[in-house]
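> Have a look at this one before I ask anything.
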Amino acid sequence: MKPDIKDRADIQQLVDTFYTKVRADDTIGYLFNDVAKVNWEVHLPRMYDFWENILFQTGGFKGNPMAAHVQLHQKSPLSADHFQHWLKLWLTTVDELFEGDKTELIKQRARSIATMMQVKVHPSNDPRSIM
Ligand code: HEM
């Protein structure tokens with residue numbers, strides 16, 4: 001039996017594992033590496049804050065994810081396939097490492113945020129639920 005996500009250290013492990021895959025990914029890697037040219041020393045701690053706040057209400061995250069992805073989409077279009085692929089990578093990474101109530105919650109939140117983000121980026125194409 002795998003552990004549930006219990007603290008920031010677990011979130012760090014999850015986020016680091018996820019973005020290691022993202023950076024090497026044929027479908028979405030270029031959006032991070034070549035389009036946004038992400039500074040990982042800044043982005044990874046921001047993502048720890050984001051997910052820690054979602055699971056444990058720590059209040060650490062200051063950002064505007066919807067605006068960030070609309071901006072990215074203006075530089076290079078984000079398709080439904082990109083979102084689906086992001087989500088598939090996230091869900092499989094979570095399942096590889098953890099199981100339990102917080103684990104289910106982090107997957108559910110990712111599904112709903114990815115769906116909302118896709119609607120925000122493509123307002124005419126409301127997918128309701130992408131996975
Ligand atoms: C097609 C799918 C996606 C792509 C290609 C993508 C890519 C990116 C990129 C390039 C950034 C900017 C990094 C930087 O500041 O240098 C970013 C930021 C971020 N992403 Fe995504 N992302 C995707 C989906 C998602 C989803 C589904 C979530 C949440 C469930 C998410 C959460 C975030 C957050 C919280 C930030 C930080 C925003 C801020 O600092 O205000 N992303 N993303």
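Chain labels A, B, ... are given in the sequence in which chains occur in the structure tokens; within each chain residues are numbered consecutively from 1, and ligands are likewise numbered from 1 in the order shown.
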Could you pull out the residues sitting within 6 Å of ligand 1, using only C-alpha atoms and all ligand atoms, and write them as a list in words?

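Selection of residues at most 6 Å from ligand 1: Ile28, Leu31, Phe32, Ala36, Val38, Asn39, His43, Met47, Phe50, Gly63, Asn64, Pro65, Ala68, Leu78, His82, Phe83, Trp86, Ala110, Ile113 and Ala114 of chain A.
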
> Of the candidates A:Gln71, A:Val35, A:Phe18, A:Gln118, which one gets nearest to Lys88 of chain A if we count only C-alpha atoms?

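Distance minimum relative to Lys88 of chain A lands on A:Phe18.
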
> For atom CA of Gln84 of chain A and atom CA of Arg111 of chain A, determine how far apart the two atoms are, in Å to one decimal place.

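Computed distance, atom CA of Gln84 of chain A to atom CA of Arg111 of chain A, equals 9.4 Å.
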
> Leaving out Gly60 of chain A and any residue of its chain fewer than 2 positions from it, which residues lie within 10 Å of it when counting only C-alpha atoms, given as a ChimeraX atom specification?

/A:46,48-54,57-58,62-63

> Within 8 Å of Leu44 of chain A, counting only C-alpha atoms, which residues show up once you throw out same-chain ones fewer than 4 positions away? Write them as a ChimeraX atom specification, please.

/A:15-16,40,48

> Mind writing the picked residues with C-alpha atoms as a short mmCIF file (atom, residue, chain, number, x, y, z; two decimals), in the first residue's frame?


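Result went into selection.cif, see below:
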data_model
loop_
_atom_site.label_atom_id
_atom_site.label_comp_id
_atom_site.auth_asym_id
_atom_site.auth_seq_id
_atom_site.Cartn_x
_atom_site.Cartn_y
_atom_site.Cartn_z
CA VAL A 15 5.94 18.08 -8.22
CA ASP A 16 9.64 17.30 -8.90
CA TRP A 40 12.78 26.03 -12.67
CA TYR A 48 4.89 23.50 -4.12
#
